[in-house]
Amino acid sequence: MAAAGSKGKALISVSDKTNLDALAKGLAELGYEIVSTGGSATAIEKAGVAVKRVEELTGFPEMLDGRVKTLHPGVHGGILARRDLPEHMSAIAEHSITPIDIVVVNLYPFRQTVTAANAPSYEVAVENIDIGGPAMIRAAAKNHEHVTVVVDPADYSQLLVQLGGGADAADALAFRKRCAWKAFQHCATYDSTVAEWLWGAVGEGPAPELSVPMKLAQGLRYGENPHQAAAFYTDASLAEHGKGGVATSVQHHGKEMSYNNYLDADAAYSAACDFAEPTCVIVKHTNPCGVASRDDLLEAYRLAVIADPISAFGGIVAFNRPVDADLAREIREFRSPTDGETRMFYEIVIAPGYTPEGLEVLKGKSKTLRILEAAPRAPSGRSLRQVAAGWLQQEADSLQPQGIEFTCVSEKQPTPQQLEDLKFAWLCVKHVKSNAITVAKGGKLLGMGSGQPNRVKSVQIALEKAGEEVKGSVLASDAFFPFSWNDSVEIACQAGVGAIVHPGGSVRDADAIECCNKYGVALLTTGVRHFKH
């Protein structure tokens, strides 16, 4: 039975003992009898609060090395009994079971265990799968009309306010309902993590069922357009642990991020991090409009802007090396090549780091400039994309030039410099929306054509942007050329392109070879397509 004069009974069993002493003292001061397990009970005792161990409630000791502690009618009967049903209350009374009014439980640290630097053995991981905890949480959440369940230490203070009479009955019920939702979500995330780990240990191929736990990082003002509600979530799955990228970036300065900002920043940083050399990538509407690689990152930035200064204005600037004070000053003061006067405006600058002086200098560019710092993240891991009533899963396009074979199929052989430029253009084109064409020379993007329904138009746009610099440049195509004569290949050859790379595989590949031979242009194939939709 509950102690005489007790307001009720609170059961506490937590792995995360944050603020446990304050909670226990608060409950005791409000007149609640505390029942607890193992290390939680010991911690409560050390805080100077009276506590009854769960063995006294159940009449059974902990069993099976702690696997069985709370799986007992003395616990679950007390949690699940409906106070508004006389038959429930008489049933638990018949067995000397008293109601449990508050359940404070969080679970074994399974995620922390399996993501530790020293990976645990399979057996150790299994022992960290909580059983009794989820059972108590779910039971209390189901009976939220009468029982309050708390799984997050951040809710302890609000719990004490509610119990102390700080809310009316309607507000108290609303609090219990919200806690119940949080409890079920807590268990769902936990179970998703366990299932993901176990499939990784024993499964092959795509899992027959898949749950991806996500945590709300930020409510957004709107989505792609002002009339669309939106939010940003981080991926809490094991597959994303420690991987870096935009989702885990730190914002040092500027306006809050928007839906489109996240998409553009991810596209820019993913492209920048795909290069091994110091590189600057400028993106507009998820397409790279400027890319340059140089030992001097400041020079790479200048060349990336010059590639298409009109598109770069209002874009996202990404670097794969830290930004120092000199580079920051150049970003802050650089004038548009179109008129030599207008300071370049950007929505975001993102890099793997900043020197202290560099960060302060960059903050002086604009109050609104978003400055992000993110751990490097080249394309890698699982990619999920939503379609109506479904999801598509694929591996990220992580192929690098050194991972494929560039085969020359023309009479003309590429020079060593052209081959390096072809690899650069090929790495650029994988980040451009299909149909995608890139024109490059000397480690810098000269022009790109993106998103056109036909490849000819993408070629024309890329050549137009390259301008006079197209002479002696190289061209990369994300997919094969279906036609060549009086089409994409011949247009490129006539414009002065010196070498072309495409996947090959068309029934008309011979036409492309003959066309390049006629104009003395080197033609290479990779056998690898880079569609990006």
# chains A, B, ... in the order shown; residues from 1 in each chain; ligands from 1
>>> residues_around(residues="Leu160 (chain A)", least_positions_apart="5", cutoff="10 Å", atoms="only C-alpha atoms", output="PyMOL selection string")
chain A and resi 22-23+26-27+29-30+155+165-166
>>> residues_around(residues="region 344-356 of chain A", least_positions_apart="5", cutoff="8 Å", atoms="only C-alpha atoms", output="short mmCIF file (atom, residue, chain, number, x, y, z; two decimals) with all heavy atoms, in the first residue's frame")
data_model
loop_
_atom_site.label_atom_id
_atom_site.label_comp_id
_atom_site.auth_asym_id
_atom_site.auth_seq_id
_atom_site.Cartn_x
_atom_site.Cartn_y
_atom_site.Cartn_z
N ASN A 261 17.55 27.60 -48.41
CA ASN A 261 18.93 27.73 -47.96
C ASN A 261 19.55 26.37 -47.67
O ASN A 261 20.71 26.11 -48.05
CB ASN A 261 19.00 28.57 -46.68
CG ASN A 261 18.78 30.04 -46.91
OD1 ASN A 261 18.39 30.76 -45.99
ND2 ASN A 261 19.01 30.52 -48.12
N ALA A 265 22.69 25.02 -49.68
CA ALA A 265 23.92 24.83 -48.91
C ALA A 265 24.40 23.39 -49.00
O ALA A 265 25.60 23.12 -49.12
CB ALA A 265 23.69 25.22 -47.45
N TYR A 269 28.01 22.46 -50.58
CA TYR A 269 29.04 21.87 -49.72
C TYR A 269 29.36 20.44 -50.15
O TYR A 269 30.52 20.00 -50.10
CB TYR A 269 28.59 21.90 -48.27
CG TYR A 269 29.72 21.77 -47.27
CD1 TYR A 269 30.84 22.58 -47.36
CD2 TYR A 269 29.66 20.84 -46.24
CE1 TYR A 269 31.89 22.47 -46.46
CE2 TYR A 269 30.70 20.73 -45.32
CZ TYR A 269 31.81 21.54 -45.44
OH TYR A 269 32.84 21.43 -44.55
N ALA A 312 26.20 33.94 -59.73
CA ALA A 312 26.81 33.85 -58.40
C ALA A 312 26.22 34.87 -57.43
O ALA A 312 26.18 34.63 -56.22
CB ALA A 312 28.32 34.06 -58.50
N PHE A 313 25.74 35.99 -57.95
CA PHE A 313 25.15 37.03 -57.09
C PHE A 313 23.89 36.47 -56.41
O PHE A 313 22.96 36.03 -57.06
CB PHE A 313 24.79 38.26 -57.93
CG PHE A 313 24.53 39.50 -57.12
CD1 PHE A 313 25.57 40.35 -56.78
CD2 PHE A 313 23.25 39.79 -56.67
CE1 PHE A 313 25.35 41.49 -56.03
CE2 PHE A 313 23.01 40.92 -55.92
CZ PHE A 313 24.06 41.78 -55.60
N GLY A 314 23.90 36.48 -55.10
CA GLY A 314 22.79 35.90 -54.34
C GLY A 314 22.91 34.41 -54.15
O GLY A 314 21.96 33.75 -53.70
N GLY A 315 24.08 33.84 -54.46
CA GLY A 315 24.27 32.40 -54.36
C GLY A 315 24.86 31.95 -53.04
O GLY A 315 24.94 32.71 -52.06
N ILE A 316 25.30 30.72 -53.02
CA ILE A 316 25.91 30.09 -51.84
C ILE A 316 27.36 29.78 -52.19
O ILE A 316 27.64 29.16 -53.22
CB ILE A 316 25.16 28.80 -51.44
CG1 ILE A 316 23.86 29.14 -50.71
CG2 ILE A 316 26.01 27.94 -50.51
CD1 ILE A 316 22.76 29.66 -51.58
N VAL A 317 28.29 30.20 -51.34
CA VAL A 317 29.71 29.98 -51.56
C VAL A 317 30.20 28.91 -50.59
O VAL A 317 30.05 29.06 -49.37
CB VAL A 317 30.51 31.28 -51.35
CG1 VAL A 317 31.99 31.04 -51.66
CG2 VAL A 317 29.97 32.39 -52.24
N ALA A 318 30.78 27.86 -51.14
CA ALA A 318 31.26 26.75 -50.31
C ALA A 318 32.74 26.52 -50.54
O ALA A 318 33.24 26.60 -51.68
CB ALA A 318 30.48 25.47 -50.62
N PHE A 319 33.45 26.21 -49.46
CA PHE A 319 34.87 25.90 -49.51
C PHE A 319 35.11 24.55 -48.84
O PHE A 319 34.39 24.18 -47.90
CB PHE A 319 35.70 26.96 -48.79
CG PHE A 319 35.57 28.35 -49.36
CD1 PHE A 319 34.68 29.26 -48.80
CD2 PHE A 319 36.33 28.74 -50.45
CE1 PHE A 319 34.56 30.54 -49.32
CE2 PHE A 319 36.22 30.02 -50.98
CZ PHE A 319 35.33 30.93 -50.42
N ASN A 320 36.14 23.84 -49.30
CA ASN A 320 36.51 22.59 -48.65
C ASN A 320 37.76 22.72 -47.79
O ASN A 320 38.35 21.72 -47.38
CB ASN A 320 36.69 21.46 -49.67
CG ASN A 320 37.83 21.71 -50.63
OD1 ASN A 320 38.46 22.78 -50.62
ND2 ASN A 320 38.11 20.73 -51.49
N ARG A 321 38.15 23.97 -47.53
CA ARG A 321 39.25 24.26 -46.63
C ARG A 321 38.82 25.42 -45.72
O ARG A 321 37.92 26.20 -46.06
CB ARG A 321 40.52 24.67 -47.39
CG ARG A 321 41.10 23.61 -48.31
CD ARG A 321 41.73 22.45 -47.54
NE ARG A 321 42.54 21.62 -48.41
CZ ARG A 321 42.08 20.66 -49.21
NH1 ARG A 321 40.76 20.43 -49.26
NH2 ARG A 321 42.89 19.93 -49.96
N PRO A 322 39.48 25.59 -44.56
CA PRO A 322 39.12 26.70 -43.66
C PRO A 322 39.32 28.06 -44.33
O PRO A 322 40.19 28.23 -45.19
CB PRO A 322 40.06 26.51 -42.47
CG PRO A 322 40.42 25.06 -42.49
CD PRO A 322 40.49 24.69 -43.94
N VAL A 323 38.52 29.03 -43.88
CA VAL A 323 38.58 30.39 -44.39
C VAL A 323 39.42 31.24 -43.44
O VAL A 323 39.12 31.32 -42.24
CB VAL A 323 37.16 30.98 -44.52
CG1 VAL A 323 37.21 32.47 -44.89
CG2 VAL A 323 36.35 30.20 -45.53
N ASP A 324 40.48 31.88 -43.99
CA ASP A 324 41.31 32.74 -43.16
C ASP A 324 40.94 34.20 -43.38
O ASP A 324 40.01 34.52 -44.14
CB ASP A 324 42.80 32.50 -43.41
CG ASP A 324 43.21 32.81 -44.85
OD1 ASP A 324 42.44 33.49 -45.58
OD2 ASP A 324 44.32 32.39 -45.25
N ALA A 325 41.66 35.11 -42.74
CA ALA A 325 41.30 36.53 -42.78
C ALA A 325 41.43 37.11 -44.19
O ALA A 325 40.59 37.90 -44.63
CB ALA A 325 42.16 37.32 -41.80
N ILE A 331 36.16 37.93 -49.86
CA ILE A 331 34.73 37.66 -49.98
C ILE A 331 33.93 38.92 -49.64
O ILE A 331 32.95 39.25 -50.31
CB ILE A 331 34.32 36.50 -49.05
CG1 ILE A 331 35.02 35.20 -49.46
CG2 ILE A 331 32.80 36.30 -49.07
CD1 ILE A 331 34.89 34.09 -48.44
N ARG A 332 34.37 39.61 -48.61
CA ARG A 332 33.65 40.80 -48.15
C ARG A 332 33.70 41.94 -49.17
O ARG A 332 32.71 42.63 -49.40
CB ARG A 332 34.23 41.27 -46.81
CG ARG A 332 33.45 42.41 -46.16
CD ARG A 332 34.12 42.87 -44.88
NE ARG A 332 35.40 43.53 -45.16
CZ ARG A 332 36.24 43.95 -44.22
NH1 ARG A 332 35.95 43.74 -42.94
NH2 ARG A 332 37.37 44.53 -44.54
N GLU A 333 34.85 42.12 -49.81
CA GLU A 333 35.06 43.31 -50.64
C GLU A 333 34.96 43.05 -52.14
O GLU A 333 34.89 44.00 -52.92
CB GLU A 333 36.43 43.91 -50.33
CG GLU A 333 36.63 44.32 -48.88
CD GLU A 333 35.67 45.42 -48.44
OE1 GLU A 333 35.19 46.18 -49.32
OE2 GLU A 333 35.38 45.50 -47.23
N PHE A 334 34.94 41.79 -52.57
CA PHE A 334 35.03 41.48 -54.01
C PHE A 334 33.89 42.13 -54.79
O PHE A 334 32.73 42.04 -54.41
CB PHE A 334 35.02 39.97 -54.23
CG PHE A 334 35.47 39.56 -55.60
CD1 PHE A 334 36.81 39.59 -55.94
CD2 PHE A 334 34.56 39.13 -56.55
CE1 PHE A 334 37.24 39.20 -57.20
CE2 PHE A 334 34.97 38.75 -57.81
CZ PHE A 334 36.32 38.78 -58.14
N ARG A 335 34.27 42.80 -55.90
CA ARG A 335 33.29 43.50 -56.73
C ARG A 335 32.89 42.62 -57.91
O ARG A 335 33.71 41.88 -58.46
CB ARG A 335 33.87 44.82 -57.25
CG ARG A 335 34.52 45.68 -56.18
CD ARG A 335 33.51 46.24 -55.21
NE ARG A 335 34.13 46.82 -54.03
CZ ARG A 335 33.60 47.83 -53.34
NH1 ARG A 335 32.46 48.38 -53.71
NH2 ARG A 335 34.21 48.28 -52.25
N SER A 336 31.66 42.77 -58.31
CA SER A 336 31.17 41.97 -59.43
C SER A 336 31.93 42.28 -60.70
O SER A 336 32.09 43.45 -61.06
CB SER A 336 29.68 42.25 -59.66
OG SER A 336 29.24 41.61 -60.85
N THR A 368 23.00 39.92 -42.50
CA THR A 368 22.15 38.80 -42.90
C THR A 368 22.92 37.60 -43.41
O THR A 368 22.36 36.51 -43.52
CB THR A 368 21.15 39.25 -43.98
OG1 THR A 368 21.89 39.67 -45.14
CG2 THR A 368 20.29 40.40 -43.48
N LEU A 369 24.21 37.78 -43.78
CA LEU A 369 24.99 36.68 -44.35
C LEU A 369 25.04 35.50 -43.38
O LEU A 369 25.52 35.62 -42.25
CB LEU A 369 26.40 37.14 -44.67
CG LEU A 369 27.36 36.05 -45.18
CD1 LEU A 369 26.91 35.53 -46.55
CD2 LEU A 369 28.79 36.57 -45.24
N ARG A 370 24.58 34.37 -43.82
CA ARG A 370 24.62 33.16 -43.00
C ARG A 370 26.00 32.52 -43.13
O ARG A 370 26.41 32.18 -44.24
CB ARG A 370 23.53 32.19 -43.44
CG ARG A 370 22.12 32.77 -43.35
CD ARG A 370 21.15 31.94 -44.18
NE ARG A 370 19.79 32.48 -44.14
CZ ARG A 370 19.35 33.42 -44.98
NH1 ARG A 370 20.16 33.92 -45.92
NH2 ARG A 370 18.10 33.85 -44.90
N ILE A 371 26.68 32.37 -42.02
CA ILE A 371 28.02 31.79 -42.01
C ILE A 371 27.92 30.43 -41.31
O ILE A 371 27.63 30.35 -40.11
CB ILE A 371 29.03 32.69 -41.30
CG1 ILE A 371 29.07 34.07 -41.97
CG2 ILE A 371 30.41 32.06 -41.31
CD1 ILE A 371 29.95 35.08 -41.24
N LEU A 372 28.15 29.37 -42.06
CA LEU A 372 28.02 28.01 -41.54
C LEU A 372 29.38 27.33 -41.48
O LEU A 372 30.21 27.48 -42.37
CB LEU A 372 27.09 27.18 -42.43
CG LEU A 372 25.67 27.69 -42.67
CD1 LEU A 372 24.90 26.67 -43.51
CD2 LEU A 372 24.95 27.96 -41.36
N GLU A 373 29.55 26.55 -40.42
CA GLU A 373 30.73 25.69 -40.28
C GLU A 373 30.24 24.26 -40.16
O GLU A 373 29.39 23.95 -39.32
CB GLU A 373 31.53 26.09 -39.05
CG GLU A 373 32.78 25.25 -38.84
CD GLU A 373 33.62 25.72 -37.66
OE1 GLU A 373 33.47 26.91 -37.27
OE2 GLU A 373 34.41 24.92 -37.13
N ALA A 374 30.78 23.38 -41.00
CA ALA A 374 30.30 22.00 -41.02
C ALA A 374 31.45 21.04 -41.22
O ALA A 374 32.41 21.34 -41.95
CB ALA A 374 29.27 21.80 -42.14
N ALA A 375 31.36 19.89 -40.59
CA ALA A 375 32.35 18.84 -40.83
C ALA A 375 32.25 18.42 -42.30
O ALA A 375 31.15 18.33 -42.85
CB ALA A 375 32.08 17.64 -39.92
N PRO A 376 33.38 18.17 -42.95
CA PRO A 376 33.35 17.83 -44.38
C PRO A 376 32.48 16.61 -44.66
O PRO A 376 32.45 15.65 -43.88
CB PRO A 376 34.82 17.53 -44.70
CG PRO A 376 35.59 18.28 -43.67
CD PRO A 376 34.75 18.24 -42.43
#
>>> select_by_dssp(residues="region 174-321 of chain A", states="alpha helix (DSSP H)", output="ChimeraX atom specification")
/A:174-202,259-273,297-307,309-312
>>> closest_residue(among="A:Ala183, A:Leu445, A:Leu220, A:Ala436", to="Tyr262 (chain A)", atoms="only C-alpha atoms")
A:Leu220
>>> closest_atom_pairs(of="region 274-361 of chain A", to="region 437-440 of chain A", cutoff="10 Å", atoms="only C-alpha atoms", output="JSON lines")
{"residue": "A:Pro288", "atom": "CA", "partner": "A:Thr438", "partner_atom": "CA", "distance": 9.9}
{"residue": "A:Cys289", "atom": "CA", "partner": "A:Thr438", "partner_atom": "CA", "distance": 9.8}
{"residue": "A:Val291", "atom": "CA", "partner": "A:Ala440", "partner_atom": "CA", "distance": 9.2}
{"residue": "A:Ala292", "atom": "CA", "partner": "A:Ala440", "partner_atom": "CA", "distance": 9.3}
{"residue": "A:Ala307", "atom": "CA", "partner": "A:Ala440", "partner_atom": "CA", "distance": 9.7}
>>> residues_around(residues="region 481-494 of chain A", least_positions_apart="2", cutoff="8 Å", atoms="only C-alpha atoms", output="ChimeraX atom specification")
/A:455-456,459-460,463,475,477,479,496-498,502,504,506-509,511-512,515-516,519,521
>>> write_last_selection(atoms="N, CA, C and O atoms", output="mmCIF file, in the first residue's frame")
data_model
loop_
_atom_site.group_PDB
_atom_site.id
_atom_site.type_symbol
_atom_site.label_atom_id
_atom_site.label_comp_id
_atom_site.auth_asym_id
_atom_site.auth_seq_id
_atom_site.Cartn_x
_atom_site.Cartn_y
_atom_site.Cartn_z
ATOM 1 N N ARG A 455 19.628 17.519 -74.611
ATOM 2 C CA ARG A 455 21.054 17.699 -74.341
ATOM 3 C C ARG A 455 21.665 18.802 -75.207
ATOM 4 O O ARG A 455 22.610 19.489 -74.796
ATOM 5 N N VAL A 456 21.130 18.988 -76.403
ATOM 6 C CA VAL A 456 21.661 20.018 -77.296
ATOM 7 C C VAL A 456 21.580 21.391 -76.641
ATOM 8 O O VAL A 456 22.536 22.182 -76.688
ATOM 9 N N VAL A 459 24.185 21.882 -74.046
ATOM 10 C CA VAL A 459 25.483 22.144 -74.661
ATOM 11 C C VAL A 459 25.573 23.605 -75.096
ATOM 12 O O VAL A 459 26.579 24.294 -74.850
ATOM 13 N N GLN A 460 24.516 24.092 -75.727
ATOM 14 C CA GLN A 460 24.515 25.479 -76.207
ATOM 15 C C GLN A 460 24.659 26.472 -75.051
ATOM 16 O O GLN A 460 25.405 27.454 -75.147
ATOM 17 N N LEU A 463 28.275 26.350 -73.649
ATOM 18 C CA LEU A 463 29.223 27.006 -74.543
ATOM 19 C C LEU A 463 29.041 28.516 -74.530
ATOM 20 O O LEU A 463 30.018 29.277 -74.565
ATOM 21 N N LEU A 475 34.888 19.372 -72.485
ATOM 22 C CA LEU A 475 33.450 19.296 -72.207
ATOM 23 C C LEU A 475 33.109 17.929 -71.644
ATOM 24 O O LEU A 475 33.604 16.908 -72.144
ATOM 25 N N SER A 477 29.774 15.418 -70.350
ATOM 26 C CA SER A 477 28.328 15.178 -70.421
ATOM 27 C C SER A 477 27.952 14.106 -69.417
ATOM 28 O O SER A 477 28.655 13.095 -69.292
ATOM 29 N N ALA A 479 25.533 12.060 -69.516
ATOM 30 C CA ALA A 479 25.032 10.839 -70.168
ATOM 31 C C ALA A 479 25.511 10.837 -71.622
ATOM 32 O O ALA A 479 26.069 11.823 -72.114
ATOM 33 N N GLY A 496 35.200 24.956 -80.727
ATOM 34 C CA GLY A 496 36.608 24.992 -80.348
ATOM 35 C C GLY A 496 36.968 24.133 -79.151
ATOM 36 O O GLY A 496 38.099 24.204 -78.643
ATOM 37 N N VAL A 497 36.042 23.304 -78.664
ATOM 38 C CA VAL A 497 36.354 22.374 -77.569
ATOM 39 C C VAL A 497 37.430 21.403 -78.032
ATOM 40 O O VAL A 497 37.372 20.868 -79.149
ATOM 41 N N GLY A 498 38.422 21.152 -77.162
ATOM 42 C CA GLY A 498 39.542 20.308 -77.545
ATOM 43 C C GLY A 498 39.405 18.846 -77.159
ATOM 44 O O GLY A 498 40.070 17.976 -77.739
ATOM 45 N N HIS A 502 32.212 11.465 -72.225
ATOM 46 C CA HIS A 502 30.824 11.066 -71.947
ATOM 47 C C HIS A 502 30.829 9.583 -71.596
ATOM 48 O O HIS A 502 31.832 8.888 -71.795
ATOM 49 N N GLY A 504 29.342 7.056 -72.982
ATOM 50 C CA GLY A 504 29.286 6.093 -74.065
ATOM 51 C C GLY A 504 28.115 5.143 -73.847
ATOM 52 O O GLY A 504 27.414 5.208 -72.830
ATOM 53 N N SER A 506 25.710 4.613 -76.426
ATOM 54 C CA SER A 506 24.660 4.873 -77.404
ATOM 55 C C SER A 506 24.841 3.965 -78.619
ATOM 56 O O SER A 506 25.968 3.579 -78.965
ATOM 57 N N VAL A 507 23.733 3.655 -79.310
ATOM 58 C CA VAL A 507 23.827 2.869 -80.542
ATOM 59 C C VAL A 507 24.507 3.695 -81.634
ATOM 60 O O VAL A 507 24.930 3.149 -82.665
ATOM 61 N N ARG A 508 24.646 5.008 -81.386
ATOM 62 C CA ARG A 508 25.284 5.892 -82.361
ATOM 63 C C ARG A 508 26.641 6.407 -81.852
ATOM 64 O O ARG A 508 27.098 7.478 -82.255
ATOM 65 N N ASP A 509 27.277 5.658 -80.954
ATOM 66 C CA ASP A 509 28.602 6.063 -80.470
ATOM 67 C C ASP A 509 29.588 6.250 -81.621
ATOM 68 O O ASP A 509 30.470 7.119 -81.567
ATOM 69 N N ASP A 511 29.093 7.510 -84.459
ATOM 70 C CA ASP A 511 28.933 8.849 -85.031
ATOM 71 C C ASP A 511 29.741 9.875 -84.237
ATOM 72 O O ASP A 511 30.364 10.781 -84.812
ATOM 73 N N ALA A 512 29.712 9.762 -82.911
ATOM 74 C CA ALA A 512 30.468 10.685 -82.062
ATOM 75 C C ALA A 512 31.959 10.556 -82.336
ATOM 76 O O ALA A 512 32.691 11.563 -82.401
ATOM 77 N N CYS A 515 32.759 12.071 -85.772
ATOM 78 C CA CYS A 515 32.660 13.529 -85.721
ATOM 79 C C CYS A 515 33.906 14.130 -85.072
ATOM 80 O O CYS A 515 34.483 15.097 -85.576
ATOM 81 N N CYS A 516 34.325 13.559 -83.945
ATOM 82 C CA CYS A 516 35.524 14.062 -83.255
ATOM 83 C C CYS A 516 36.768 13.855 -84.105
ATOM 84 O O CYS A 516 37.672 14.711 -84.126
ATOM 85 N N TYR A 519 37.074 16.632 -86.683
ATOM 86 C CA TYR A 519 37.485 17.944 -86.174
ATOM 87 C C TYR A 519 38.781 17.896 -85.357
ATOM 88 O O TYR A 519 39.222 18.913 -84.822
ATOM 89 N N VAL A 521 39.309 16.340 -82.471
ATOM 90 C CA VAL A 521 38.982 16.476 -81.045
ATOM 91 C C VAL A 521 39.126 15.119 -80.360
ATOM 92 O O VAL A 521 38.702 14.091 -80.895
#
>>> residues_around(residues="Arg377 (chain A)", least_positions_apart="2", cutoff="7 Å", atoms="only C-alpha atoms", output="MDAnalysis selection string")
chainID A and resid 243:245 270 273 375 379
>>> closest_residue(among="A:Ser380, A:Asn517, A:Ser40, A:Ser13", to="Val409 (chain A)", atoms="only C-alpha atoms")
A:Asn517
>>> closest_residue(among="A:Met448, A:Val151, A:Met214, A:Ala28", to="Leu163 (chain A)", atoms="only C-alpha atoms")
A:Ala28
>>> residues_around(residues="Glu127 (chain A)", least_positions_apart="2", cutoff="12 Å", atoms="only C-alpha atoms", output="number ranges by chain")
A: 64-67, 108-110, 113-114, 120-125, 129-131, 194
>>> closest_residue(among="A:Lys457, A:Ala50, A:Ala140, A:Ala388", to="Ala81 (chain A)", atoms="only C-alpha atoms")
A:Ala140
>>> residues_around(residues="Val474 (chain A)", least_positions_apart="2", cutoff="9 Å", atoms="only C-alpha atoms", output="list in words")
Gln418, Leu419, Asp421, Leu422, Ala425, Thr438, Val439, Ala440, Lys441, Val470, Lys471, Gly472, Ala476, Val497, Gly498, Ala499, Ile500 and Val501 of chain A
>>> select_by_dssp(residues="region 393-433 of chain A", states="strand (DSSP E or B)", output="number ranges by chain")
A: 393-395, 407-408
>>> write_last_selection(atoms="N, CA and C atoms", output="short mmCIF file (atom, residue, chain, number, x, y, z; two decimals), in the first residue's frame")
data_model
loop_
_atom_site.label_atom_id
_atom_site.label_comp_id
_atom_site.auth_asym_id
_atom_site.auth_seq_id
_atom_site.Cartn_x
_atom_site.Cartn_y
_atom_site.Cartn_z
N GLN A 393 15.20 4.79 -52.30
CA GLN A 393 16.47 4.71 -51.61
C GLN A 393 17.55 4.33 -52.60
N GLN A 394 18.70 4.99 -52.50
CA GLN A 394 19.85 4.61 -53.31
C GLN A 394 21.12 5.00 -52.56
N GLU A 395 22.24 4.45 -53.01
CA GLU A 395 23.53 4.89 -52.50
C GLU A 395 23.86 6.24 -53.13
N THR A 407 38.69 6.14 -71.15
CA THR A 407 39.19 5.43 -72.33
C THR A 407 39.07 6.31 -73.56
N CYS A 408 40.17 6.54 -74.20
CA CYS A 408 40.15 7.34 -75.42
C CYS A 408 39.70 6.47 -76.60
#
>>> residues_around(residues="Ser398 (chain A)", least_positions_apart="6", cutoff="12 Å", atoms="only C-alpha atoms", output="list in words")
Ser270, Ala271, Cys273, Asp274, Phe275, Arg377, Ala378, Pro379, Ser380, Gly381, Arg382, Ser383, Ile404, Leu427, Lys430, His431, Val528 and His530 of chain A
>>> write_last_selection(atoms="N, CA, C and O atoms", output="CSV table (one decimal), in the first residue's frame")
chain,number,residue,atom,x,y,z
A,270,SER,N,28.3,19.7,-50.6
A,270,SER,CA,28.6,18.4,-51.1
A,270,SER,C,29.5,18.4,-52.3
A,270,SER,O,30.4,17.6,-52.4
A,271,ALA,N,29.3,19.4,-53.2
A,271,ALA,CA,30.1,19.5,-54.4
A,271,ALA,C,31.6,19.9,-54.0
A,271,ALA,O,32.5,19.3,-54.4
A,273,CYS,N,33.2,19.4,-51.2
A,273,CYS,CA,33.8,18.4,-50.4
A,273,CYS,C,34.2,17.2,-51.3
A,273,CYS,O,34.9,16.3,-50.9
A,274,ASP,N,33.6,17.1,-52.5
A,274,ASP,CA,33.9,16.1,-53.5
A,274,ASP,C,35.3,16.2,-54.1
A,274,ASP,O,35.8,15.3,-54.7
A,275,PHE,N,35.9,17.4,-54.0
A,275,PHE,CA,37.2,17.6,-54.5
A,275,PHE,C,38.3,17.5,-53.5
A,275,PHE,O,38.1,17.9,-52.4
A,377,ARG,N,31.8,16.7,-45.8
A,377,ARG,CA,30.9,15.5,-46.1
A,377,ARG,C,30.8,15.4,-47.7
A,377,ARG,O,30.0,16.1,-48.3
A,378,ALA,N,31.6,14.6,-48.3
A,378,ALA,CA,31.5,14.3,-49.7
A,378,ALA,C,30.3,13.4,-49.9
A,378,ALA,O,29.8,12.8,-48.9
A,379,PRO,N,29.7,13.3,-51.1
A,379,PRO,CA,28.6,12.4,-51.3
A,379,PRO,C,28.9,11.0,-50.8
A,379,PRO,O,29.9,10.4,-51.1
A,380,SER,N,28.1,10.5,-49.9
A,380,SER,CA,28.3,9.2,-49.3
A,380,SER,C,27.1,8.7,-48.5
A,380,SER,O,26.2,9.5,-48.2
A,381,GLY,N,27.0,7.4,-48.3
A,381,GLY,CA,26.0,6.8,-47.5
A,381,GLY,C,24.7,6.7,-48.3
A,381,GLY,O,24.6,6.7,-49.5
A,382,ARG,N,23.6,6.6,-47.5
A,382,ARG,CA,22.3,6.3,-48.1
A,382,ARG,C,21.6,7.6,-48.5
A,382,ARG,O,21.7,8.6,-47.8
A,383,SER,N,20.9,7.6,-49.6
A,383,SER,CA,20.1,8.7,-50.0
A,383,SER,C,18.6,8.3,-50.1
A,383,SER,O,18.3,7.3,-50.7
A,404,ILE,N,37.4,5.3,-61.9
A,404,ILE,CA,36.9,4.9,-63.2
A,404,ILE,C,38.0,4.9,-64.2
A,404,ILE,O,39.0,5.5,-64.0
A,427,LEU,N,33.9,15.6,-62.7
A,427,LEU,CA,33.5,15.7,-61.3
A,427,LEU,C,32.5,16.8,-61.1
A,427,LEU,O,31.6,16.7,-60.2
A,430,LYS,N,28.7,15.8,-62.3
A,430,LYS,CA,27.9,14.9,-61.5
A,430,LYS,C,27.0,15.7,-60.5
A,430,LYS,O,26.1,15.2,-59.9
A,431,HIS,N,27.4,17.0,-60.3
A,431,HIS,CA,26.6,17.8,-59.3
A,431,HIS,C,25.7,18.8,-60.0
A,431,HIS,O,25.0,19.6,-59.4
A,528,VAL,N,30.4,5.3,-67.2
A,528,VAL,CA,29.7,5.7,-66.0
A,528,VAL,C,28.8,6.9,-66.3
A,528,VAL,O,29.2,7.9,-66.7
A,530,HIS,N,26.0,9.9,-65.0
A,530,HIS,CA,25.8,10.7,-63.8
A,530,HIS,C,24.5,11.5,-63.8
A,530,HIS,O,24.5,12.7,-63.5
>>> atom_distance(atom1="CA of Val147 (chain A)", atom2="CA of Val51 (chain A)")
19.6 Å
>>> closest_residue(among="A:Gly340, A:Pro206, A:Gly39, A:Gly254", to="Ile306 (chain A)", atoms="only C-alpha atoms")
A:Gly340
